[in-house]
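To keep things clear, I will list the structure first and then write my remarks on it.
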Amino acid sequence: MDTILEVKNLHVTFSTYGGTIKAVRGVDFHLNKGETLAIVGESGCGKSVTSNAIMRLIPDPPGKITNGTIVFKDKDLTALPEKTMRSIRGVDISMIFQDPMTALNPTLTIGTQLMEGVRQHHRITSDQAKSKALEMMHLVGIPNPTERLKQYPHQFSGGMRQRIVIAMALICEPELLIADEPTTALDVTIQAQILELFDEIQEATGVSIILITHDLGVVAKIADRIAVMYAGKIIEVGTKREIFYDPQHPYTKGLLKSVPRLDVTGEKLVPIDGTPPDLFSPPKGCPFTARCPFAMEVCDKVYPVTTEQSDTHKVDCWLQDERAKQLLAASAIKQ
Amino acid sequence: MGEKILEVNQLKKYFTVGGGQVLLAVNDVSFSINKGETFGLVGESGCGKSTIGRTILGLYDKTDGEVLYDGNNIHSLTTKEKFQMYRRMQMIFQDPYASLNPRSTIKEVISEPMEVHGVYKNKQEKLDRVYQLLEEVGLNRDHANRYPHEFSGGQRQRIGIARALALNPDFIIADEPISALDVSVQAQVVNLLKDLQMDKGLTFLFIAHDLSMVKLISDRIGVMYLGNLVELTNSEELYDNPLHPYTKALLSAIPIPDPDIEETRERIILKGELPSPIHPPSGCVFRTRCPMAMEVCALKKPTWQEIEQDHYVACHLYDETIVNTEQARGLATKLN
């Protein structure tokens with residue numbers, strides 16, 4: 001399969017009065033053409049910072065990409081000048097944000113905002129732009145597109161606004177779409193509509209998607225592969241089935257056990273005790289040590305080596321180390 | 001089931017909005033809550049679930065109907081009686097960042113209700129109670145002199161719970177208490193609420209939009225749509241045998257964290273959007289999005305009826321005479 005995006009050893013920091021926050025601390029992942037990769041994790045784990053870094057939207061200062069490469073179709077995005085980056089944003093890579101109201105300008109009509117993008121990047125007449133906008137409105141399922149093009153954002157409901165934002169993101173036919181919590185602000189019945197729309201769009205355009213979310217149910221529906229982030233690191237990555245049915249990292253296991261399932265009765269939720277570490281001074285070893293029920297002495301001191309379960313399934317955990325396995329076996333025999 | 005602690009009868013709450021228009025936030029809702037149970041109220045944003053919670057507490061005046069707490073009509077109490085009543089009913093709010101005063105220490109936050117009601121005679125007694133409450137919600141006494149910004153979201157929600165428990169209430173309204181929290185922390189708070197209920201025999205009204213969490217914590221669940229209660233039954237029955245088309249659609253829209261199930265299951269995708277509560281549809285409010293809508297749905301509001309034991313629904317599909325006439329009419333139009 002062709003790789004469209006490869007992120008290697010990405011580090012992002014933010015300088016504040018209180019010190020430097022190490023928000024992303026060495027993230028590696030890749031994205032294949034036409035697939036959907038979900039990045040899941042709790043608030044503050046660095047998932048949005050990672051996606052903003054790909055778009056080069058980290059405000060500098062206070063933010064800074066201190067290390068690493070982001071290779072998109074043989075180009076390292078971290079090394080490009082801002083001018084070149086502008087010709088990539090919105091054309092090759094587009095982004096959808098969580099809150100559709102703040103992503104739209106309330107003083108301009110939907111039509112103006114939709115056409116602005118294409119006319120910025122392509123030399124086309126306003127009539128051509130308009131027909132392109134209508135085509136997009138049709139693709140995302142907005143009824144009466146000709147009349148609605150003349151309306152303002154406040155005349156649309158939340159779900160319709162999110163459809164418009166998706167249309168804006170797709171109008172230049174990007175190859176990569178980054179969706180940062182695209183359904184979090186929506187009600188479940190509307191969320192179901194939008195998730196369905198993502199499926200249809202991917203089928204129609206073949207776009208690759210990075211989906212940032214905290215909702216494991218949404219991930220189970222639309223992701224192909226999943227990367228689990230914790231305290232600025234990707235601690236486990238694998239196909240959807242590997243992560244859901246064969247999770248290896250204690251954090252992934254804990255996360256799956258702490259979500260209620262509608263189809264199971266009488267279950268008892270098993271929460272993960274404690275809270276994530278402070279990223280001003282992240283721990284030297286595995287960041288999950290303090291909350292991990294299986295923590296060993298080494299976990300606190302050295303960050304675990306990445307082990308491969310299969311070609312697609314990778315875990316950062318000392319429990320996967322041969323020595324830990326021997327130790328566990330030995331203690332089991334003793335008992 | 002046990003005795004009723006709260007009874008809501010034909011409650012209506014309308015708000016006047018600009019231009020002489022009236023917003024029908026809660027329109028003719030009746031239900032009751034038994035002592036010691038958790039009653040879940042679910043629905044999408046704008047369905048009136050929070051308005052019900054606030055009207056029950058008397059934070060809003062009702063438009064019509066009555067709310068009986070232990071047989072006393074909340075909205076006809078004198079100010080003094082109401083004040084006494086508040087010792088027995090407390091609320092936990094959604095946003096743990098907005099509901100704690102950033103300039104008060106945790107000790108002040110938790111002891112404020114006790115001071116207002118003059119429960120404790122001396123400082124030491126009050127401080128002991130604050131320590132006891134902090135330990136009950138899984139914090140420790142060192143936290144008493146800190147400020148809200150020093151705590152994480154989950155810890156702040158625990159502080160909100162400690163404050164709600166300060167006066168030893170019997171009945172707690174929890175309005176979306178976990179939706180602002182991360183998933184792993186949500187489970188901590190839900191387990192805490194369940195444990196507290198076991199220890200103290202509390203009654204909860206749990207208001208939320210996350211049906212999977214509500215199902216886990218509630219004994220009975222009421223489903224709301226656009227100011228109306230459309231279905232009410234115990235939580236297993238609601239999941240196994242939903243009757244109202246809206247409940248069915250809502251259940252099928254909730255993603256389940258299991259890829260095999262997610263990829264194979266049939267989904268009912270509702271068309272369209274929630275109508276405005278200022279001009280709700282005539283007849284049944286759900287008819288504009290209902291996949292099963294009949295002609296009668298636009299003309300007549302469905303009655304609230306008990307279909308099976310403890311299973312209430314408001315839908316014309318479960319009214320035999322109406323279904324029969326509708327079928328006959330459908331047949332007649334086909335023949336023509």
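Within each chain, counting starts at residue 1; across the structure tokens, chains are named A, B, ... in the order shown, with ligands numbered 1 upward in that order.
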Counting only C-alpha atoms, which residues of chain A fall within 10 Å of chain B, and what is the closest atom pair for each with its distance in Å at one decimal, ordered by chain and rising number, as a tab-separated table?
```
residue	atom	partner	partner_atom	distance
A:Gly41	CA	B:Asp182	CA	9.0
A:Glu42	CA	B:Asp182	CA	5.9
A:Ser43	CA	B:Asp182	CA	6.7
A:Ser157	CA	B:Glu273	CA	7.5
A:Gly158	CA	B:Glu273	CA	9.1
A:Gly159	CA	B:Glu273	CA	7.8
A:Met160	CA	B:Glu273	CA	8.7
A:Leu186	CA	B:Ser45	CA	8.8
A:Asp187	CA	B:Glu44	CA	5.9
A:Val188	CA	B:Ala253	CA	6.0
A:Thr189	CA	B:Ala253	CA	5.5
A:Ile190	CA	B:Glu273	CA	7.8
A:Gln191	CA	B:Ala253	CA	7.7
A:Ala192	CA	B:Ala253	CA	5.5
A:Gln193	CA	B:Ile269	CA	6.4
A:Glu196	CA	B:Ile269	CA	8.8
A:His214	CA	B:Val183	CA	7.7
A:Asp215	CA	B:Val183	CA	8.2
A:Leu216	CA	B:Pro257	CA	5.3
A:Gly217	CA	B:Pro257	CA	4.0
A:Val218	CA	B:Pro255	CA	5.8
A:Val219	CA	B:Pro257	CA	7.4
A:Ala220	CA	B:Pro259	CA	4.6
A:Lys221	CA	B:Glu262	CA	5.5
A:Ile222	CA	B:Glu263	CA	8.8
A:Ala223	CA	B:Pro259	CA	9.1
A:Asp224	CA	B:Pro259	CA	9.9
A:Lys240	CA	B:Pro259	CA	7.2
A:Arg241	CA	B:Pro259	CA	6.8
A:Ile243	CA	B:Pro259	CA	10.0
A:Phe244	CA	B:Asp258	CA	6.7
A:Tyr245	CA	B:Asp258	CA	8.4
A:Tyr251	CA	B:Ser184	CA	9.8
A:Gly254	CA	B:Ser184	CA	7.7
A:Leu255	CA	B:Ser184	CA	6.1
A:Leu256	CA	B:Pro257	CA	8.0
A:Lys257	CA	B:Ser184	CA	8.7
A:Ser258	CA	B:Ser184	CA	5.5
A:Val259	CA	B:Val183	CA	6.5
A:Pro260	CA	B:Ser212	CA	5.9
A:Arg261	CA	B:Ser212	CA	5.9
A:Leu262	CA	B:Ser212	CA	4.6
A:Asp263	CA	B:Ile256	CA	7.6
A:Val264	CA	B:Leu216	CA	9.0
A:Thr265	CA	B:Glu236	CA	7.3
A:Gly266	CA	B:Leu216	CA	7.2
A:Glu267	CA	B:Leu216	CA	7.6
A:Lys268	CA	B:Asn191	CA	8.3
A:Leu269	CA	B:Ala187	CA	6.0
A:Val270	CA	B:Ala187	CA	6.8
A:Pro271	CA	B:Ala187	CA	4.9
A:Ile272	CA	B:Ser184	CA	5.6
A:Asp273	CA	B:Gln188	CA	7.3
A:Gly274	CA	B:Val185	CA	8.4
A:Thr275	CA	B:Ser152	CA	7.9
A:Pro276	CA	B:Ser152	CA	9.7
```
Would you write out those residues with C-alpha atoms, as an mmCIF file, in the first residue's frame?
```
data_model
loop_
_atom_site.group_PDB
_atom_site.id
_atom_site.type_symbol
_atom_site.label_atom_id
_atom_site.label_comp_id
_atom_site.auth_asym_id
_atom_site.auth_seq_id
_atom_site.Cartn_x
_atom_site.Cartn_y
_atom_site.Cartn_z
ATOM 1 C CA GLY A 41 -6.654 9.642 23.735
ATOM 2 C CA GLU A 42 -7.859 11.803 26.597
ATOM 3 C CA SER A 43 -7.809 15.582 26.672
ATOM 4 C CA SER A 157 -28.551 23.956 12.364
ATOM 5 C CA GLY A 158 -25.460 22.420 13.988
ATOM 6 C CA GLY A 159 -25.496 19.312 11.809
ATOM 7 C CA MET A 160 -25.978 21.339 8.613
ATOM 8 C CA LEU A 186 -23.324 17.157 17.778
ATOM 9 C CA ASP A 187 -26.255 15.124 19.093
ATOM 10 C CA VAL A 188 -26.110 11.356 18.585
ATOM 11 C CA THR A 189 -28.755 11.148 15.862
ATOM 12 C CA ILE A 190 -26.952 13.934 13.951
ATOM 13 C CA GLN A 191 -23.586 12.286 14.694
ATOM 14 C CA ALA A 192 -24.887 9.123 13.021
ATOM 15 C CA GLN A 193 -25.762 11.175 9.917
ATOM 16 C CA GLU A 196 -22.481 8.006 7.423
ATOM 17 C CA HIS A 214 -11.939 10.397 22.295
ATOM 18 C CA ASP A 215 -15.067 8.383 21.457
ATOM 19 C CA LEU A 216 -14.242 4.684 21.079
ATOM 20 C CA GLY A 217 -17.685 3.977 19.635
ATOM 21 C CA VAL A 218 -17.064 6.347 16.726
ATOM 22 C CA VAL A 219 -13.668 4.731 16.181
ATOM 23 C CA ALA A 220 -15.201 1.247 16.066
ATOM 24 C CA LYS A 221 -17.486 2.468 13.320
ATOM 25 C CA ILE A 222 -15.216 4.278 10.896
ATOM 26 C CA ALA A 223 -11.508 3.673 11.571
ATOM 27 C CA ASP A 224 -9.237 1.231 9.725
ATOM 28 C CA LYS A 240 -9.042 -1.658 14.521
ATOM 29 C CA ARG A 241 -9.447 -5.364 15.391
ATOM 30 C CA ILE A 243 -6.725 -2.697 19.276
ATOM 31 C CA PHE A 244 -10.259 -3.712 20.235
ATOM 32 C CA TYR A 245 -9.815 -7.489 20.508
ATOM 33 C CA TYR A 251 -3.676 1.897 29.192
ATOM 34 C CA GLY A 254 -8.057 0.232 30.829
ATOM 35 C CA LEU A 255 -9.598 2.631 28.333
ATOM 36 C CA LEU A 256 -11.680 -0.137 26.758
ATOM 37 C CA LYS A 257 -12.911 -1.319 30.172
ATOM 38 C CA SER A 258 -13.895 2.134 31.357
ATOM 39 C CA VAL A 259 -16.433 2.812 28.583
ATOM 40 C CA PRO A 260 -19.998 1.627 29.116
ATOM 41 C CA ARG A 261 -21.525 -0.503 26.376
ATOM 42 C CA LEU A 262 -25.142 -0.145 25.462
ATOM 43 C CA ASP A 263 -25.437 -3.819 24.507
ATOM 44 C CA VAL A 264 -24.162 -5.247 27.799
ATOM 45 C CA THR A 265 -26.258 -5.344 30.969
ATOM 46 C CA GLY A 266 -25.089 -5.385 34.551
ATOM 47 C CA GLU A 267 -21.441 -4.611 33.807
ATOM 48 C CA LYS A 268 -19.294 -2.849 36.372
ATOM 49 C CA LEU A 269 -17.092 -0.120 34.982
ATOM 50 C CA VAL A 270 -13.415 -0.413 35.807
ATOM 51 C CA PRO A 271 -12.024 3.109 35.921
ATOM 52 C CA ILE A 272 -8.329 3.923 35.513
ATOM 53 C CA ASP A 273 -7.333 5.433 38.846
ATOM 54 C CA GLY A 274 -5.383 8.655 39.019
ATOM 55 C CA THR A 275 -4.800 11.321 36.391
ATOM 56 C CA PRO A 276 -2.347 11.780 33.494
#
```
DSSP alpha helix (DSSP H) residues within region 119-195 of chain B, as a ChimeraX atom specification = /B:123-136,153-165,183-195
Keeping N, CA, C and O atoms, export the residues of the selection given above as a short mmCIF file (atom, residue, chain, number, x, y, z; two decimals), in the first residue's frame.
```
data_model
loop_
_atom_site.label_atom_id
_atom_site.label_comp_id
_atom_site.auth_asym_id
_atom_site.auth_seq_id
_atom_site.Cartn_x
_atom_site.Cartn_y
_atom_site.Cartn_z
N LYS B 123 -16.66 26.10 64.68
CA LYS B 123 -15.79 25.94 63.52
C LYS B 123 -15.24 24.53 63.41
O LYS B 123 -15.12 23.98 62.32
N GLN B 124 -14.85 23.98 64.54
CA GLN B 124 -14.21 22.67 64.54
C GLN B 124 -15.15 21.60 63.99
O GLN B 124 -14.78 20.79 63.15
N GLU B 125 -16.40 21.68 64.45
CA GLU B 125 -17.41 20.72 64.01
C GLU B 125 -17.58 20.78 62.48
O GLU B 125 -17.66 19.77 61.80
N LYS B 126 -17.60 22.02 61.98
CA LYS B 126 -17.78 22.24 60.56
C LYS B 126 -16.58 21.70 59.77
O LYS B 126 -16.73 21.03 58.76
N LEU B 127 -15.39 21.97 60.30
CA LEU B 127 -14.17 21.53 59.63
C LEU B 127 -14.11 20.00 59.59
O LEU B 127 -13.75 19.41 58.57
N ASP B 128 -14.50 19.37 60.68
CA ASP B 128 -14.51 17.91 60.72
C ASP B 128 -15.43 17.35 59.64
O ASP B 128 -15.11 16.38 58.98
N ARG B 129 -16.57 18.03 59.49
CA ARG B 129 -17.53 17.57 58.50
C ARG B 129 -16.95 17.73 57.09
O ARG B 129 -17.12 16.86 56.23
N VAL B 130 -16.24 18.83 56.83
CA VAL B 130 -15.62 19.05 55.52
C VAL B 130 -14.60 17.93 55.25
O VAL B 130 -14.58 17.35 54.17
N TYR B 131 -13.79 17.60 56.25
CA TYR B 131 -12.80 16.53 56.09
C TYR B 131 -13.49 15.21 55.78
O TYR B 131 -13.07 14.46 54.90
N GLN B 132 -14.57 14.97 56.53
CA GLN B 132 -15.29 13.71 56.36
C GLN B 132 -15.84 13.61 54.93
O GLN B 132 -15.70 12.59 54.26
N LEU B 133 -16.42 14.74 54.44
CA LEU B 133 -16.98 14.75 53.09
C LEU B 133 -15.90 14.54 52.04
O LEU B 133 -16.08 13.78 51.09
N LEU B 134 -14.74 15.19 52.23
CA LEU B 134 -13.66 15.04 51.26
C LEU B 134 -13.23 13.59 51.17
O LEU B 134 -12.98 13.07 50.09
N GLU B 135 -13.16 12.94 52.33
CA GLU B 135 -12.75 11.53 52.30
C GLU B 135 -13.82 10.66 51.66
O GLU B 135 -13.50 9.71 50.94
N GLU B 136 -15.08 10.99 51.90
CA GLU B 136 -16.16 10.21 51.29
C GLU B 136 -16.11 10.24 49.77
O GLU B 136 -16.46 9.27 49.11
N GLY B 153 -10.34 18.06 36.26
CA GLY B 153 -11.79 18.05 36.06
C GLY B 153 -12.50 17.02 36.93
O GLY B 153 -13.52 17.31 37.55
N GLY B 154 -11.95 15.81 36.98
CA GLY B 154 -12.57 14.75 37.77
C GLY B 154 -12.58 15.09 39.26
O GLY B 154 -13.57 14.86 39.95
N GLN B 155 -11.47 15.66 39.73
CA GLN B 155 -11.40 16.04 41.14
C GLN B 155 -12.39 17.16 41.46
O GLN B 155 -13.03 17.16 42.50
N ARG B 156 -12.52 18.10 40.53
CA ARG B 156 -13.47 19.19 40.74
C ARG B 156 -14.89 18.66 40.82
O ARG B 156 -15.69 19.14 41.62
N GLN B 157 -15.19 17.66 39.98
CA GLN B 157 -16.54 17.11 40.03
C GLN B 157 -16.75 16.42 41.37
O GLN B 157 -17.83 16.47 41.93
N ARG B 158 -15.71 15.80 41.93
CA ARG B 158 -15.82 15.21 43.26
C ARG B 158 -16.11 16.27 44.31
O ARG B 158 -16.88 16.05 45.24
N ILE B 159 -15.48 17.45 44.15
CA ILE B 159 -15.74 18.55 45.09
C ILE B 159 -17.20 18.99 44.98
O ILE B 159 -17.88 19.21 45.99
N GLY B 160 -17.70 19.07 43.73
CA GLY B 160 -19.11 19.42 43.53
C GLY B 160 -20.03 18.42 44.20
O GLY B 160 -21.07 18.78 44.76
N ILE B 161 -19.64 17.15 44.15
CA ILE B 161 -20.45 16.11 44.79
C ILE B 161 -20.39 16.26 46.31
O ILE B 161 -21.41 16.16 47.00
N ALA B 162 -19.20 16.55 46.86
CA ALA B 162 -19.06 16.74 48.30
C ALA B 162 -19.94 17.89 48.76
O ALA B 162 -20.61 17.82 49.80
N ARG B 163 -20.00 18.97 47.97
CA ARG B 163 -20.83 20.12 48.33
C ARG B 163 -22.31 19.73 48.33
O ARG B 163 -23.07 20.13 49.21
N ALA B 164 -22.70 18.92 47.32
CA ALA B 164 -24.10 18.49 47.26
C ALA B 164 -24.46 17.61 48.45
O ALA B 164 -25.60 17.59 48.90
N LEU B 165 -23.48 16.88 48.99
CA LEU B 165 -23.76 15.97 50.10
C LEU B 165 -23.69 16.66 51.46
O LEU B 165 -24.09 16.08 52.47
N VAL B 183 -13.12 9.95 29.38
CA VAL B 183 -13.77 8.64 29.57
C VAL B 183 -13.27 7.87 30.79
O VAL B 183 -14.06 7.31 31.54
N SER B 184 -11.95 7.83 30.99
CA SER B 184 -11.45 7.02 32.10
C SER B 184 -11.86 7.64 33.44
O SER B 184 -12.01 6.95 34.44
N VAL B 185 -12.05 8.96 33.46
CA VAL B 185 -12.46 9.66 34.68
C VAL B 185 -13.98 9.57 34.88
O VAL B 185 -14.47 9.50 36.00
N GLN B 186 -14.73 9.52 33.77
CA GLN B 186 -16.18 9.35 33.85
C GLN B 186 -16.53 8.11 34.67
O GLN B 186 -17.40 8.15 35.54
N ALA B 187 -15.81 7.03 34.40
CA ALA B 187 -16.08 5.78 35.11
C ALA B 187 -15.83 5.95 36.60
O ALA B 187 -16.58 5.44 37.43
N GLN B 188 -14.76 6.70 36.97
CA GLN B 188 -14.48 6.94 38.39
C GLN B 188 -15.66 7.63 39.06
O GLN B 188 -16.11 7.23 40.13
N VAL B 189 -16.19 8.69 38.40
CA VAL B 189 -17.25 9.48 39.01
C VAL B 189 -18.56 8.68 39.08
O VAL B 189 -19.28 8.72 40.08
N VAL B 190 -18.85 7.92 38.03
CA VAL B 190 -20.07 7.11 38.04
C VAL B 190 -20.01 6.06 39.16
O VAL B 190 -20.98 5.88 39.91
N ASN B 191 -18.87 5.41 39.31
CA ASN B 191 -18.74 4.43 40.39
C ASN B 191 -18.89 5.10 41.76
O ASN B 191 -19.49 4.53 42.67
N LEU B 192 -18.34 6.32 41.88
CA LEU B 192 -18.47 7.05 43.15
C LEU B 192 -19.95 7.33 43.46
O LEU B 192 -20.41 7.10 44.58
N LEU B 193 -20.69 7.79 42.44
CA LEU B 193 -22.11 8.09 42.65
C LEU B 193 -22.87 6.83 43.07
O LEU B 193 -23.72 6.86 43.95
N LYS B 194 -22.53 5.70 42.42
CA LYS B 194 -23.21 4.44 42.75
C LYS B 194 -22.90 4.02 44.19
O LYS B 194 -23.79 3.59 44.93
N ASP B 195 -21.62 4.13 44.59
CA ASP B 195 -21.23 3.75 45.95
C ASP B 195 -21.93 4.63 46.98
O ASP B 195 -22.44 4.13 47.99
#
```
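CA of Lys8 (chain A) lies 14.4 Å from CA of Ile235 (chain A).
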Residues flagged strand (DSSP E or B) by DSSP in region 57-287 of chain A, as a ChimeraX atom specification | /A:63-72,75-76,89,93-96,176-180,208-213,225-230,233-239
Using only C-alpha atoms, which residues sit within 12 Å of Gln162 (chain A) once same-chain residues fewer than 3 positions away are excluded, as a ChimeraX atom specification?
-> /A:96-104,110,137,140-142,153,156-159,165-169,179,181-187,190-191,193-195,197-198
Keeping only N, CA and C atoms, take the residues you just selected and write them out as a compact mmCIF listing (two decimals), in the first residue's frame.
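Writing the result to part.txt gives the following:
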```txt
# COMPACT_ATOMS: atom_id res chain seq x y z
N ILE A 96 -10.97 19.70 9.41
CA ILE A 96 -12.31 19.99 9.93
C ILE A 96 -12.18 20.11 11.44
N PHE A 97 -12.78 21.16 12.00
CA PHE A 97 -12.65 21.37 13.44
C PHE A 97 -13.91 20.92 14.18
N GLN A 98 -13.76 20.93 15.52
CA GLN A 98 -14.83 20.41 16.36
C GLN A 98 -16.11 21.23 16.30
N ASP A 99 -15.96 22.54 16.47
CA ASP A 99 -17.14 23.37 16.60
C ASP A 99 -17.44 24.05 15.28
N PRO A 100 -18.52 23.64 14.59
CA PRO A 100 -18.79 24.20 13.26
C PRO A 100 -19.13 25.69 13.30
N MET A 101 -19.60 26.19 14.46
CA MET A 101 -19.98 27.61 14.51
C MET A 101 -18.75 28.50 14.47
N THR A 102 -17.70 28.11 15.19
CA THR A 102 -16.52 28.97 15.21
C THR A 102 -15.68 28.81 13.94
N ALA A 103 -15.93 27.76 13.17
CA ALA A 103 -15.16 27.56 11.95
C ALA A 103 -15.73 28.36 10.78
N LEU A 104 -16.93 28.90 10.95
CA LEU A 104 -17.55 29.66 9.87
C LEU A 104 -17.61 31.14 10.24
N ILE A 110 -22.77 31.46 3.07
CA ILE A 110 -22.15 30.16 2.88
C ILE A 110 -21.48 30.08 1.52
N MET A 137 -22.11 21.08 -2.13
CA MET A 137 -23.31 21.10 -1.29
C MET A 137 -24.13 19.84 -1.54
N VAL A 140 -22.41 16.71 0.13
CA VAL A 140 -22.57 16.58 1.58
C VAL A 140 -24.04 16.56 2.00
N GLY A 141 -24.93 16.54 1.02
CA GLY A 141 -26.33 16.31 1.33
C GLY A 141 -27.07 17.49 1.92
N ILE A 142 -26.90 18.68 1.35
CA ILE A 142 -27.69 19.83 1.81
C ILE A 142 -28.81 20.08 0.80
N PRO A 153 -24.46 31.54 8.13
CA PRO A 153 -24.31 30.39 9.04
C PRO A 153 -25.41 30.26 10.10
N PHE A 156 -28.47 27.99 9.68
CA PHE A 156 -28.32 26.54 9.59
C PHE A 156 -28.26 25.92 10.98
N SER A 157 -28.67 24.66 11.08
CA SER A 157 -28.55 23.96 12.36
C SER A 157 -27.14 23.42 12.52
N GLY A 158 -26.81 22.92 13.71
CA GLY A 158 -25.46 22.42 13.99
C GLY A 158 -25.00 21.35 13.01
N GLY A 159 -25.86 20.40 12.72
CA GLY A 159 -25.50 19.31 11.81
C GLY A 159 -25.26 19.82 10.40
N VAL A 165 -18.96 22.80 6.67
CA VAL A 165 -17.53 22.81 6.96
C VAL A 165 -16.84 21.66 6.21
N ILE A 166 -17.50 20.51 6.15
CA ILE A 166 -16.94 19.38 5.41
C ILE A 166 -16.86 19.71 3.92
N ALA A 167 -17.92 20.36 3.40
CA ALA A 167 -17.91 20.75 1.98
C ALA A 167 -16.75 21.71 1.70
N MET A 168 -16.53 22.66 2.62
CA MET A 168 -15.42 23.62 2.45
C MET A 168 -14.08 22.91 2.43
N ALA A 169 -13.95 21.90 3.30
CA ALA A 169 -12.68 21.18 3.38
C ALA A 169 -12.43 20.36 2.12
N ALA A 179 -9.69 15.39 10.58
CA ALA A 179 -10.93 15.76 11.26
C ALA A 179 -10.69 15.71 12.76
N GLU A 181 -12.12 15.86 16.20
CA GLU A 181 -13.37 15.72 16.96
C GLU A 181 -14.57 16.25 16.16
N PRO A 182 -14.80 15.74 14.94
CA PRO A 182 -15.81 16.36 14.08
C PRO A 182 -17.25 16.18 14.56
N THR A 183 -17.51 15.23 15.45
CA THR A 183 -18.90 15.00 15.84
C THR A 183 -19.14 15.24 17.33
N THR A 184 -18.12 15.71 18.04
CA THR A 184 -18.24 15.85 19.49
C THR A 184 -19.31 16.87 19.89
N ALA A 185 -19.46 17.94 19.08
CA ALA A 185 -20.42 18.98 19.44
C ALA A 185 -21.83 18.63 18.99
N LEU A 186 -22.02 17.47 18.37
CA LEU A 186 -23.32 17.16 17.78
C LEU A 186 -24.10 16.13 18.59
N ASP A 187 -25.42 16.13 18.45
CA ASP A 187 -26.26 15.12 19.09
C ASP A 187 -26.08 13.77 18.41
N ILE A 190 -27.63 13.14 14.98
CA ILE A 190 -26.95 13.93 13.95
C ILE A 190 -25.55 13.36 13.72
N GLN A 191 -24.90 12.92 14.81
CA GLN A 191 -23.59 12.29 14.69
C GLN A 191 -23.65 11.09 13.75
N GLN A 193 -25.68 10.67 11.30
CA GLN A 193 -25.76 11.18 9.92
C GLN A 193 -24.39 11.57 9.39
N ILE A 194 -23.61 12.28 10.21
CA ILE A 194 -22.31 12.79 9.76
C ILE A 194 -21.32 11.63 9.55
N LEU A 195 -21.35 10.62 10.44
CA LEU A 195 -20.45 9.48 10.27
C LEU A 195 -20.76 8.73 8.97
N LEU A 197 -21.95 10.13 6.38
CA LEU A 197 -21.45 11.02 5.33
C LEU A 197 -19.95 10.80 5.10
N PHE A 198 -19.18 10.62 6.18
CA PHE A 198 -17.74 10.36 6.04
C PHE A 198 -17.50 9.11 5.19
```
Quote the spacing between CA of Met89 (chain B) and CA of Leu57 (chain B) in Å to one decimal place.
->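 Going from CA of Met89 (chain B) over to CA of Leu57 (chain B), I get 7.3 Å.
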Could you jot down the CA of Ser218 (chain B) to CA of Val230 (chain B) separation for me, Å, one decimal place?
->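 Between CA of Ser218 (chain B) and CA of Val230 (chain B) the gap works out to 17.4 Å.
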Between A:Thr112, A:Gln326, A:Gln202, A:Thr78, which one has atoms that come closest to Ala133 (chain A), using only C-alpha atoms?
->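 So, comparing all the options, the nearest one is A:Thr112.
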Excluding same-chain residues fewer than 6 positions from Val91 (chain A), what lies within 10 Å of it counting only C-alpha atoms, as a PDB file with C-alpha atoms, in the first residue's frame?
```
ATOM      1  CA  GLY A 117     -11.233  28.470  -0.965  1.00  0.00           C
ATOM      2  CA  VAL A 118     -11.298  27.401  -4.624  1.00  0.00           C
ATOM      3  CA  GLN A 120      -7.799  31.377  -3.674  1.00  0.00           C
ATOM      4  CA  HIS A 121      -6.021  28.325  -5.004  1.00  0.00           C
ATOM      5  CA  HIS A 122      -7.246  27.876  -8.572  1.00  0.00           C
ATOM      6  CA  ALA A 169     -12.681  21.176   3.379  1.00  0.00           C
ATOM      7  CA  LEU A 170     -13.330  19.021   0.332  1.00  0.00           C
ATOM      8  CA  ILE A 171     -13.852  21.678  -2.324  1.00  0.00           C
ATOM      9  CA  CYS A 172     -10.229  21.631  -3.539  1.00  0.00           C
ATOM     10  CA  GLU A 173     -10.238  17.828  -3.597  1.00  0.00           C
ATOM     11  CA  PRO A 174      -7.544  17.237  -0.970  1.00  0.00           C
ATOM     12  CA  GLU A 175      -5.769  13.908  -0.630  1.00  0.00           C
ATOM     13  CA  LEU A 176      -5.648  14.099   3.146  1.00  0.00           C
TER      14      LEU A 176
END
```
Contacts of Leu134 (chain A) at 8 Å or less, counting only C-alpha atoms, minus same-chain residues fewer than 6 places along, as a list in words?
-> Pro145, Thr146 and Leu149 of chain A
Convert the current residue selection to file output with N, CA, C and O atoms, as a PDB file, in the first residue's frame.
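Printed below is selection_27.pdb as written:
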```pdb
ATOM      1  N   PRO A 145     -29.635  23.437  -2.564  1.00  0.00           N
ATOM      2  CA  PRO A 145     -28.338  24.129  -2.496  1.00  0.00           C
ATOM      3  C   PRO A 145     -28.352  25.530  -3.115  1.00  0.00           C
ATOM      4  O   PRO A 145     -27.703  26.426  -2.590  1.00  0.00           O
ATOM      5  N   THR A 146     -29.099  25.735  -4.182  1.00  0.00           N
ATOM      6  CA  THR A 146     -29.063  27.044  -4.842  1.00  0.00           C
ATOM      7  C   THR A 146     -29.523  28.159  -3.907  1.00  0.00           C
ATOM      8  O   THR A 146     -28.896  29.217  -3.823  1.00  0.00           O
ATOM      9  N   LEU A 149     -27.151  28.574  -0.641  1.00  0.00           N
ATOM     10  CA  LEU A 149     -25.862  29.212  -0.905  1.00  0.00           C
ATOM     11  C   LEU A 149     -25.875  30.686  -0.509  1.00  0.00           C
ATOM     12  O   LEU A 149     -24.855  31.255  -0.145  1.00  0.00           O
TER      13      LEU A 149
END
```
